[in-house]
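Peer 1: Please find one structure pasted underneath; my questions will follow.
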Amino acid sequence: MPRSPWLTALTICTAFCPAAQALAGVPKFEATVIDPNIGVVCYAVTSADVNGDGKLDIVAVSENRVQWYEAPAWTKHIILENQTEMDNVCIAANDIDGDGKVDFALGAGWIKSNTGTIQWITRGARADDKWSVHFIGKEVSTHRMSFADVLSKGKRQLVVSPLNRSTAPGGIRLMAFEVPAQPKSDRWPMTVLDQTLNRMHNHTHVDWNNDGKLDTITASEEGVNLIQSRGDSFSKTLLGTGAAGDKPELRGAGEIRVGKLKSGARFLATVEPMHGTSIAVYTSNADGSLPLHRTVIEDTLKQGHAVWPVDLDGDGSDEIVGGHREAGTGSVKGPGLYVYSCDHEADHKWSKHVIDDGGVAVEDALAADFNGDGKPDIVAGGRLTHNVKLYINQGK
């Protein structure tokens, strides 16, 4: 295996600042309410150029709708409404039918029966038509999805992770659905990547070995695990222990993303446990042994529900965007949105900066350049606040 590009153990320093004040490693942000009331819950947000004009739009999912906000004025377009089983819970963008226009996979059936419907949606003939729903499959408790070529077939598959076990024995089925030649009518072949983990809240993808193949990293009750293809089978490797607890809801990890520091060293950022209080950073041990070294850089959240590494200030080192959906226990209660910066990589120190204190009960968040100025911005969707907010990166 090639030499690991991970950094050694980190320590933490914590600082707080109002959203309008720029501290080291964090630019100023200008907040805009994109939608003050999306519905009961904004379950998920993503980005895509929906109308093909070269501008990145915001897409958001509520319990009964899929809607997109057209850049640059953020005009709302409802493209799906009451056409799936309640509640819609996750979404992933991809040109599924190969027509050069973005489509979306959608997970629904979340709240009442947890039927876990998996479908994709495609636009109508006219711009103001509602989109059509096409069946892919069902998996009880479907919770998160993404597109990635985890089967090394040269074409991305739809990777789906349910939250809870739907089949016995074993744990949840982490699945990869291949897009067929005729996606509206043909069956989507499914491959099980793993069936041993429980309470898998999210997953992400990375080329772990630098071998040109994408692997999957999961956040579950069992901690952080690496799922890799081994020919016709898949292996599982424990990377991080997650939070320790004597109950399932108190242990493991809930959110997971991969970041990179200025030296080129990668790290894992997590929310722990599921719906937890902590944000943790995983880095390599000096001797390369596993599991990775775990450092908690935040422990005052309540219902932590988003983490996203991104280089916000262009210094070559990723910051970590994190959010929670209920008031926490620290001096800044929230719920809200924060940025954690590794301001002194050589000294292994992280700082915390407040972007929004109380204005958004973060259910989901991500970073992307939404105004085309070359600087990553942040979009967040709220649960109890029912809103969608955009934070435009103003630079230092």
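Residue numbering restarts at 1 for every chain of the structure tokens, chains are lettered A, B, ... in their displayed order, and ligands are numbered from 1 as they appear.
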Can you pull out every residue within 6 Å of Ile172 of chain A, counting only C-alpha atoms, but drop anything in the same chain fewer than 4 positions away, and send it as a list in words?
Peer 2: Asn164, Arg165, Gln195, Leu197 and Asn198 of chain A
Peer 1: For the selection just defined, write its residues with N, CA, C and O atoms to a file, as an mmCIF file, in the first residue's frame.
Peer 2:
data_model
loop_
_atom_site.group_PDB
_atom_site.id
_atom_site.type_symbol
_atom_site.label_atom_id
_atom_site.label_comp_id
_atom_site.auth_asym_id
_atom_site.auth_seq_id
_atom_site.Cartn_x
_atom_site.Cartn_y
_atom_site.Cartn_z
ATOM 1 N N ASN A 164 -31.064 1.931 9.171
ATOM 2 C CA ASN A 164 -31.247 0.744 10.007
ATOM 3 C C ASN A 164 -31.341 -0.517 9.147
ATOM 4 O O ASN A 164 -31.611 -0.452 7.952
ATOM 5 N N ARG A 165 -31.131 -1.636 9.786
ATOM 6 C CA ARG A 165 -31.161 -2.927 9.106
ATOM 7 C C ARG A 165 -32.541 -3.217 8.536
ATOM 8 O O ARG A 165 -33.550 -3.025 9.200
ATOM 9 N N GLN A 195 -22.719 -5.595 4.557
ATOM 10 C CA GLN A 195 -23.968 -5.901 5.256
ATOM 11 C C GLN A 195 -23.667 -6.277 6.705
ATOM 12 O O GLN A 195 -24.252 -7.207 7.242
ATOM 13 N N LEU A 197 -22.847 -3.516 9.234
ATOM 14 C CA LEU A 197 -22.867 -2.347 10.101
ATOM 15 C C LEU A 197 -24.299 -1.955 10.454
ATOM 16 O O LEU A 197 -25.247 -2.322 9.755
ATOM 17 N N ASN A 198 -24.459 -1.173 11.520
ATOM 18 C CA ASN A 198 -25.761 -0.762 12.003
ATOM 19 C C ASN A 198 -25.794 0.743 12.237
ATOM 20 O O ASN A 198 -24.765 1.359 12.504
#
Peer 1: Would you kindly return, as a PyMOL selection string, each protein, DNA or RNA residue with an atom no farther than 9 Å from any atom of Ser229 of chain A, considering only C-alpha atoms and excluding same-chain residues fewer than 5 positions away?
Peer 2: chain A and resi 150-152+193+213-215+234-235
Peer 1: Can you measure atom CA of Pro183 of chain A to atom CA of Ser166 of chain A for me? One decimal in Å is fine.
Peer 2: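 Between these atoms lies a distance of 24.9 Å.
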Peer 1: Tell me, as a list of chain:residue names, which residues lie within 12 Å of Glu249 of chain A, counting only C-alpha atoms; anything in the same chain fewer than 4 positions away does not count.
Peer 2: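 Near neighbours after the sequence-gap exclusion: A:Asn198, A:Arg199, A:Met200, A:His201, A:Ser220, A:Glu221, A:Glu222, A:Gly223, A:Gly242, A:Ala243, A:Ala244, A:Gly245, A:Ala253, A:Gly254, A:Glu272, A:Pro273, A:Met274, A:His275, A:Gly276, A:Thr277, A:Gln303.
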Peer 1: Point out the residue among A:Glu139, A:Gly124, A:Gln157, A:Lys55 with the least atom-to-atom distance to Asn94 of chain A, counting only C-alpha atoms.
Peer 2: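 That would be A:Gln157, the residue with the smallest distance to Asn94 of chain A.
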Peer 1: How many Å lie between atom CA of Phe177 of chain A and atom CA of Thr142 of chain A, rounded to one decimal?
Peer 2: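 Interatomic distance, atom CA of Phe177 of chain A to atom CA of Thr142 of chain A: 13.3 Å.
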Peer 1: With a distance cut-off of 8 Å and only C-alpha atoms, select the neighbouring residues of segment 310-325 of chain A, excluding the residue or stretch itself and same-chain residues fewer than 5 positions from it, and output the selection as a compact mmCIF listing (two decimals) with N, CA, C and O atoms, in the first residue's frame.
Peer 2:
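Writing done, so here's selection-v6.txt:
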# COMPACT_ATOMS: atom_id res chain seq x y z
N GLY A 25 -7.87 32.36 9.04
CA GLY A 25 -8.36 31.15 8.42
C GLY A 25 -9.81 31.16 8.04
O GLY A 25 -10.29 30.21 7.45
N VAL A 26 -10.54 32.25 8.35
CA VAL A 26 -11.97 32.29 8.06
C VAL A 26 -12.32 33.64 7.44
O VAL A 26 -12.10 34.67 8.05
N PRO A 27 -12.87 33.65 6.24
CA PRO A 27 -13.29 34.91 5.63
C PRO A 27 -14.61 35.40 6.20
O PRO A 27 -15.26 34.72 6.99
N GLY A 259 -11.09 15.63 4.24
CA GLY A 259 -10.48 16.93 4.00
C GLY A 259 -8.99 16.81 3.77
O GLY A 259 -8.39 15.73 3.91
N LYS A 260 -8.37 17.95 3.44
CA LYS A 260 -6.93 17.98 3.18
C LYS A 260 -6.33 19.23 3.78
O LYS A 260 -6.90 20.32 3.69
N LEU A 261 -5.15 19.08 4.40
CA LEU A 261 -4.44 20.21 4.99
C LEU A 261 -3.37 20.73 4.03
O LEU A 261 -3.13 20.16 2.96
N LYS A 262 -2.74 21.84 4.41
CA LYS A 262 -1.83 22.53 3.50
C LYS A 262 -0.67 21.65 3.05
O LYS A 262 -0.18 21.75 1.92
N SER A 263 -0.23 20.76 3.92
CA SER A 263 0.87 19.87 3.59
C SER A 263 0.48 18.81 2.56
O SER A 263 1.34 18.09 2.05
N ALA A 269 -13.23 14.07 8.90
CA ALA A 269 -14.00 14.88 9.84
C ALA A 269 -15.34 14.21 10.07
O ALA A 269 -16.00 13.78 9.11
N ILE A 279 -17.54 17.08 17.15
CA ILE A 279 -16.88 16.98 15.86
C ILE A 279 -15.48 16.47 16.13
O ILE A 279 -14.76 17.00 16.99
N LEU A 301 -22.09 20.59 20.96
CA LEU A 301 -23.25 20.61 20.08
C LEU A 301 -24.39 19.78 20.66
O LEU A 301 -24.20 18.97 21.56
N LYS A 302 -25.55 19.97 20.11
CA LYS A 302 -26.68 19.08 20.34
C LYS A 302 -27.33 18.82 18.99
O LYS A 302 -27.63 19.76 18.25
N GLN A 303 -27.48 17.53 18.68
CA GLN A 303 -28.04 17.13 17.39
C GLN A 303 -27.15 17.62 16.24
O GLN A 303 -27.63 18.19 15.26
N GLY A 304 -25.85 17.37 16.35
CA GLY A 304 -24.95 17.66 15.25
C GLY A 304 -25.37 16.90 14.00
O GLY A 304 -25.65 15.70 14.06
N HIS A 305 -25.39 17.61 12.84
CA HIS A 305 -26.00 16.97 11.67
C HIS A 305 -25.35 17.35 10.35
O HIS A 305 -25.90 17.06 9.28
N GLY A 334 -26.31 28.24 19.86
CA GLY A 334 -26.91 27.81 18.61
C GLY A 334 -28.39 27.53 18.79
O GLY A 334 -29.01 28.05 19.72
N PRO A 335 -29.01 26.69 17.95
CA PRO A 335 -28.36 25.90 16.90
C PRO A 335 -27.75 26.81 15.85
O PRO A 335 -28.14 27.97 15.73
N GLY A 336 -26.79 26.27 15.12
CA GLY A 336 -26.15 27.14 14.16
C GLY A 336 -25.12 26.48 13.30
O GLY A 336 -25.03 25.25 13.20
N LEU A 337 -24.31 27.35 12.70
CA LEU A 337 -23.32 26.95 11.71
C LEU A 337 -21.97 27.53 12.11
O LEU A 337 -21.88 28.73 12.42
N TYR A 338 -20.93 26.70 12.10
CA TYR A 338 -19.60 27.11 12.53
C TYR A 338 -18.56 26.67 11.51
O TYR A 338 -18.81 25.80 10.68
N VAL A 339 -17.39 27.28 11.62
CA VAL A 339 -16.24 26.88 10.83
C VAL A 339 -15.08 26.63 11.78
O VAL A 339 -14.82 27.43 12.69
N TYR A 340 -14.39 25.51 11.56
CA TYR A 340 -13.22 25.13 12.36
C TYR A 340 -12.01 25.18 11.44
O TYR A 340 -12.00 24.55 10.38
N SER A 341 -10.99 25.95 11.84
CA SER A 341 -9.80 26.12 10.99
C SER A 341 -8.57 25.57 11.68
O SER A 341 -8.36 25.76 12.88
N CYS A 342 -7.74 24.87 10.90
CA CYS A 342 -6.43 24.45 11.38
C CYS A 342 -5.48 25.61 11.08
O CYS A 342 -4.84 25.66 10.04
N VAL A 360 -30.20 29.22 11.92
CA VAL A 360 -30.52 28.05 11.14
C VAL A 360 -30.26 26.81 11.99
O VAL A 360 -29.20 26.66 12.57
N ALA A 361 -31.27 25.97 12.13
CA ALA A 361 -31.14 24.70 12.85
C ALA A 361 -30.68 23.65 11.85
O ALA A 361 -31.49 22.96 11.25
N VAL A 362 -29.37 23.52 11.69
CA VAL A 362 -28.79 22.85 10.53
C VAL A 362 -29.16 21.37 10.47
O VAL A 362 -28.81 20.58 11.35
N GLU A 363 -29.85 21.01 9.40
CA GLU A 363 -30.13 19.61 9.07
C GLU A 363 -29.13 19.11 8.03
O GLU A 363 -28.74 17.95 8.05
N ASP A 364 -28.72 20.01 7.13
CA ASP A 364 -27.75 19.66 6.11
C ASP A 364 -27.03 20.93 5.68
O ASP A 364 -27.58 22.04 5.75
N ALA A 365 -25.79 20.79 5.24
CA ALA A 365 -25.01 21.93 4.77
C ALA A 365 -23.93 21.44 3.83
O ALA A 365 -23.46 20.30 3.92
N LEU A 366 -23.54 22.31 2.90
CA LEU A 366 -22.43 22.01 1.99
C LEU A 366 -21.80 23.31 1.53
O LEU A 366 -22.36 24.40 1.72
N ALA A 367 -20.64 23.19 0.91
CA ALA A 367 -19.93 24.35 0.39
C ALA A 367 -19.73 24.19 -1.11
O ALA A 367 -19.44 23.09 -1.60
N LYS A 375 -14.57 31.67 -4.94
CA LYS A 375 -14.49 31.42 -3.49
C LYS A 375 -15.66 30.53 -3.07
O LYS A 375 -16.81 30.79 -3.46
N PRO A 376 -15.41 29.49 -2.27
CA PRO A 376 -16.51 28.62 -1.83
C PRO A 376 -17.46 29.35 -0.89
O PRO A 376 -17.04 30.07 0.01
N ASP A 377 -18.73 29.18 -1.12
CA ASP A 377 -19.79 29.69 -0.26
C ASP A 377 -20.41 28.52 0.51
O ASP A 377 -20.05 27.36 0.28
N GLY A 382 -32.49 24.16 7.23
CA GLY A 382 -32.87 24.07 8.64
C GLY A 382 -33.97 23.08 8.91
O GLY A 382 -34.83 22.82 8.05
N ARG A 383 -33.94 22.54 10.11
CA ARG A 383 -35.01 21.65 10.57
C ARG A 383 -36.07 22.48 11.31
O ARG A 383 -37.08 22.87 10.74
N LEU A 384 -35.85 22.80 12.57
CA LEU A 384 -36.84 23.56 13.34
C LEU A 384 -37.01 24.97 12.82
O LEU A 384 -38.06 25.60 13.04
N ASN A 393 -19.24 33.98 0.54
CA ASN A 393 -17.86 34.20 0.97
C ASN A 393 -17.40 35.57 0.48
O ASN A 393 -17.30 35.81 -0.72
N GLY A 395 -14.43 36.90 1.37
CA GLY A 395 -12.98 37.01 1.45
C GLY A 395 -12.58 37.65 2.76
O GLY A 395 -13.41 38.01 3.59
N LYS A 396 -11.29 37.82 2.95
CA LYS A 396 -10.81 38.38 4.21
C LYS A 396 -10.99 39.89 4.25
O LYS A 396 -10.84 40.55 3.23
Peer 1: Between A:Thr237, A:Val271, A:His134, A:Ala127, which has the minimum distance to Leu250 of chain A (counting only C-alpha atoms)?
Peer 2: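 Distance minimum relative to Leu250 of chain A lands on A:Val271.
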Peer 1: Which residues of segment 347-393 of chain A sit at most 12 Å from segment 63-71 of chain A, using only C-alpha atoms? Give each one's shortest atom pair and distance in Å (one decimal place), in chain and ascending residue order, as JSON lines.
Peer 2:
{"residue": "A:Asp369", "atom": "CA", "partner": "A:Ala71", "partner_atom": "CA", "distance": 11.2}
{"residue": "A:Phe370", "atom": "CA", "partner": "A:Ala71", "partner_atom": "CA", "distance": 7.6}
{"residue": "A:Asn371", "atom": "CA", "partner": "A:Ala71", "partner_atom": "CA", "distance": 7.7}
{"residue": "A:Gly372", "atom": "CA", "partner": "A:Ala71", "partner_atom": "CA", "distance": 10.1}
{"residue": "A:Val379", "atom": "CA", "partner": "A:Tyr69", "partner_atom": "CA", "distance": 11.6}
{"residue": "A:Arg383", "atom": "CA", "partner": "A:Glu63", "partner_atom": "CA", "distance": 10.8}
{"residue": "A:His386", "atom": "CA", "partner": "A:Glu63", "partner_atom": "CA", "distance": 10.9}
{"residue": "A:Val388", "atom": "CA", "partner": "A:Tyr69", "partner_atom": "CA", "distance": 10.1}
{"residue": "A:Lys389", "atom": "CA", "partner": "A:Tyr69", "partner_atom": "CA", "distance": 11.2}
{"residue": "A:Leu390", "atom": "CA", "partner": "A:Tyr69", "partner_atom": "CA", "distance": 10.9}
Peer 1: Quick one, how far is atom CA of Met190 of chain A from atom CA of Asn82 of chain A?
Peer 2: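 So the answer is 27.1 Å.
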Peer 1: Please provide as a list in words all residues within 10 Å of Leu292 of chain A, with the sequence filter that same-chain residues fewer than 3 positions apart are discarded (counting only C-alpha atoms).
Peer 2: Trp6, Leu7, Thr8, Ala9, Val224, Leu238, Leu239, Gly240, Thr241, Phe267, Leu268, Val281, Tyr282, Thr283, Ser284, Asn285, Ala286, Gly288, Ser289 and Thr295 of chain A
Peer 1: Could the residues in this selection be saved with N, CA, C and O atoms as a PDB file, in the first residue's frame?
Peer 2:
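Output below, filename result.pdb:
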ATOM      1  N   TRP A   6      -1.739  10.936   5.492  1.00  0.00           N
ATOM      2  CA  TRP A   6      -2.456  11.478   6.645  1.00  0.00           C
ATOM      3  C   TRP A   6      -1.504  12.187   7.589  1.00  0.00           C
ATOM      4  O   TRP A   6      -0.333  11.885   7.681  1.00  0.00           O
ATOM      5  N   LEU A   7      -2.062  13.143   8.335  1.00  0.00           N
ATOM      6  CA  LEU A   7      -1.283  13.927   9.286  1.00  0.00           C
ATOM      7  C   LEU A   7      -1.282  13.244  10.647  1.00  0.00           C
ATOM      8  O   LEU A   7      -2.148  12.444  10.967  1.00  0.00           O
ATOM      9  N   THR A   8      -0.270  13.551  11.456  1.00  0.00           N
ATOM     10  CA  THR A   8      -0.212  13.004  12.805  1.00  0.00           C
ATOM     11  C   THR A   8      -1.179  13.729  13.720  1.00  0.00           C
ATOM     12  O   THR A   8      -1.871  14.661  13.322  1.00  0.00           O
ATOM     13  N   ALA A   9      -1.202  13.341  14.996  1.00  0.00           N
ATOM     14  CA  ALA A   9      -2.217  13.779  15.942  1.00  0.00           C
ATOM     15  C   ALA A   9      -2.306  15.294  16.057  1.00  0.00           C
ATOM     16  O   ALA A   9      -1.338  16.018  15.903  1.00  0.00           O
ATOM     17  N   VAL A 224     -15.984   4.477  12.197  1.00  0.00           N
ATOM     18  CA  VAL A 224     -15.663   4.843  10.823  1.00  0.00           C
ATOM     19  C   VAL A 224     -14.990   3.657  10.154  1.00  0.00           C
ATOM     20  O   VAL A 224     -13.966   3.160  10.625  1.00  0.00           O
ATOM     21  N   LEU A 238     -11.600  -1.089   9.915  1.00  0.00           N
ATOM     22  CA  LEU A 238     -11.925  -0.065  10.900  1.00  0.00           C
ATOM     23  C   LEU A 238     -10.876   1.047  10.852  1.00  0.00           C
ATOM     24  O   LEU A 238      -9.689   0.809  11.088  1.00  0.00           O
ATOM     25  N   LEU A 239     -11.323   2.265  10.561  1.00  0.00           N
ATOM     26  CA  LEU A 239     -10.422   3.419  10.530  1.00  0.00           C
ATOM     27  C   LEU A 239     -10.497   4.240  11.802  1.00  0.00           C
ATOM     28  O   LEU A 239      -9.479   4.790  12.245  1.00  0.00           O
ATOM     29  N   GLY A 240     -11.701   4.368  12.353  1.00  0.00           N
ATOM     30  CA  GLY A 240     -11.882   5.203  13.533  1.00  0.00           C
ATOM     31  C   GLY A 240     -12.887   4.610  14.486  1.00  0.00           C
ATOM     32  O   GLY A 240     -13.898   4.036  14.073  1.00  0.00           O
ATOM     33  N   THR A 241     -12.636   4.761  15.754  1.00  0.00           N
ATOM     34  CA  THR A 241     -13.465   4.124  16.771  1.00  0.00           C
ATOM     35  C   THR A 241     -14.792   4.828  16.995  1.00  0.00           C
ATOM     36  O   THR A 241     -15.758   4.220  17.439  1.00  0.00           O
ATOM     37  N   PHE A 267      -7.415  14.186   6.070  1.00  0.00           N
ATOM     38  CA  PHE A 267      -7.993  13.887   7.373  1.00  0.00           C
ATOM     39  C   PHE A 267      -9.461  13.528   7.182  1.00  0.00           C
ATOM     40  O   PHE A 267     -10.073  13.838   6.154  1.00  0.00           O
ATOM     41  N   LEU A 268     -10.025  12.852   8.165  1.00  0.00           N
ATOM     42  CA  LEU A 268     -11.457  12.582   8.216  1.00  0.00           C
ATOM     43  C   LEU A 268     -12.089  13.505   9.241  1.00  0.00           C
ATOM     44  O   LEU A 268     -11.540  13.700  10.327  1.00  0.00           O
ATOM     45  N   VAL A 281     -11.678  14.857  14.439  1.00  0.00           N
ATOM     46  CA  VAL A 281     -10.770  14.792  13.298  1.00  0.00           C
ATOM     47  C   VAL A 281      -9.909  13.546  13.457  1.00  0.00           C
ATOM     48  O   VAL A 281      -9.355  13.290  14.539  1.00  0.00           O
ATOM     49  N   TYR A 282      -9.798  12.756  12.399  1.00  0.00           N
ATOM     50  CA  TYR A 282      -8.990  11.536  12.401  1.00  0.00           C
ATOM     51  C   TYR A 282      -7.762  11.735  11.524  1.00  0.00           C
ATOM     52  O   TYR A 282      -7.877  12.168  10.368  1.00  0.00           O
ATOM     53  N   THR A 283      -6.607  11.404  12.073  1.00  0.00           N
ATOM     54  CA  THR A 283      -5.345  11.550  11.369  1.00  0.00           C
ATOM     55  C   THR A 283      -4.497  10.308  11.610  1.00  0.00           C
ATOM     56  O   THR A 283      -4.791   9.496  12.489  1.00  0.00           O
ATOM     57  N   SER A 284      -3.431  10.148  10.840  1.00  0.00           N
ATOM     58  CA  SER A 284      -2.643   8.925  10.934  1.00  0.00           C
ATOM     59  C   SER A 284      -1.805   8.894  12.198  1.00  0.00           C
ATOM     60  O   SER A 284      -1.376   9.923  12.716  1.00  0.00           O
ATOM     61  N   ASN A 285      -1.574   7.705  12.696  1.00  0.00           N
ATOM     62  CA  ASN A 285      -0.599   7.493  13.761  1.00  0.00           C
ATOM     63  C   ASN A 285       0.806   7.537  13.169  1.00  0.00           C
ATOM     64  O   ASN A 285       1.016   7.278  11.983  1.00  0.00           O
ATOM     65  N   ALA A 286       1.774   7.858  14.006  1.00  0.00           N
ATOM     66  CA  ALA A 286       3.153   7.983  13.534  1.00  0.00           C
ATOM     67  C   ALA A 286       3.664   6.688  12.915  1.00  0.00           C
ATOM     68  O   ALA A 286       4.447   6.709  11.962  1.00  0.00           O
ATOM     69  N   GLY A 288       1.741   4.472  11.443  1.00  0.00           N
ATOM     70  CA  GLY A 288       0.849   4.031  10.371  1.00  0.00           C
ATOM     71  C   GLY A 288      -0.187   3.012  10.780  1.00  0.00           C
ATOM     72  O   GLY A 288      -0.896   2.470   9.926  1.00  0.00           O
ATOM     73  N   SER A 289      -0.297   2.735  12.071  1.00  0.00           N
ATOM     74  CA  SER A 289      -1.221   1.707  12.550  1.00  0.00           C
ATOM     75  C   SER A 289      -2.662   2.214  12.533  1.00  0.00           C
ATOM     76  O   SER A 289      -2.927   3.420  12.505  1.00  0.00           O
ATOM     77  N   THR A 295      -9.127  13.014  17.450  1.00  0.00           N
ATOM     78  CA  THR A 295      -9.053  14.231  18.240  1.00  0.00           C
ATOM     79  C   THR A 295     -10.396  14.944  18.181  1.00  0.00           C
ATOM     80  O   THR A 295     -10.899  15.241  17.096  1.00  0.00           O
TER      81      THR A 295
END
Peer 1: Of the candidates A:Asn88, A:Gln228, A:Thr191, A:Ser47, which one gets nearest to Asn114 of chain A if we count only C-alpha atoms?
Peer 2: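 Selected residue with least distance to Asn114 of chain A: A:Asn88.
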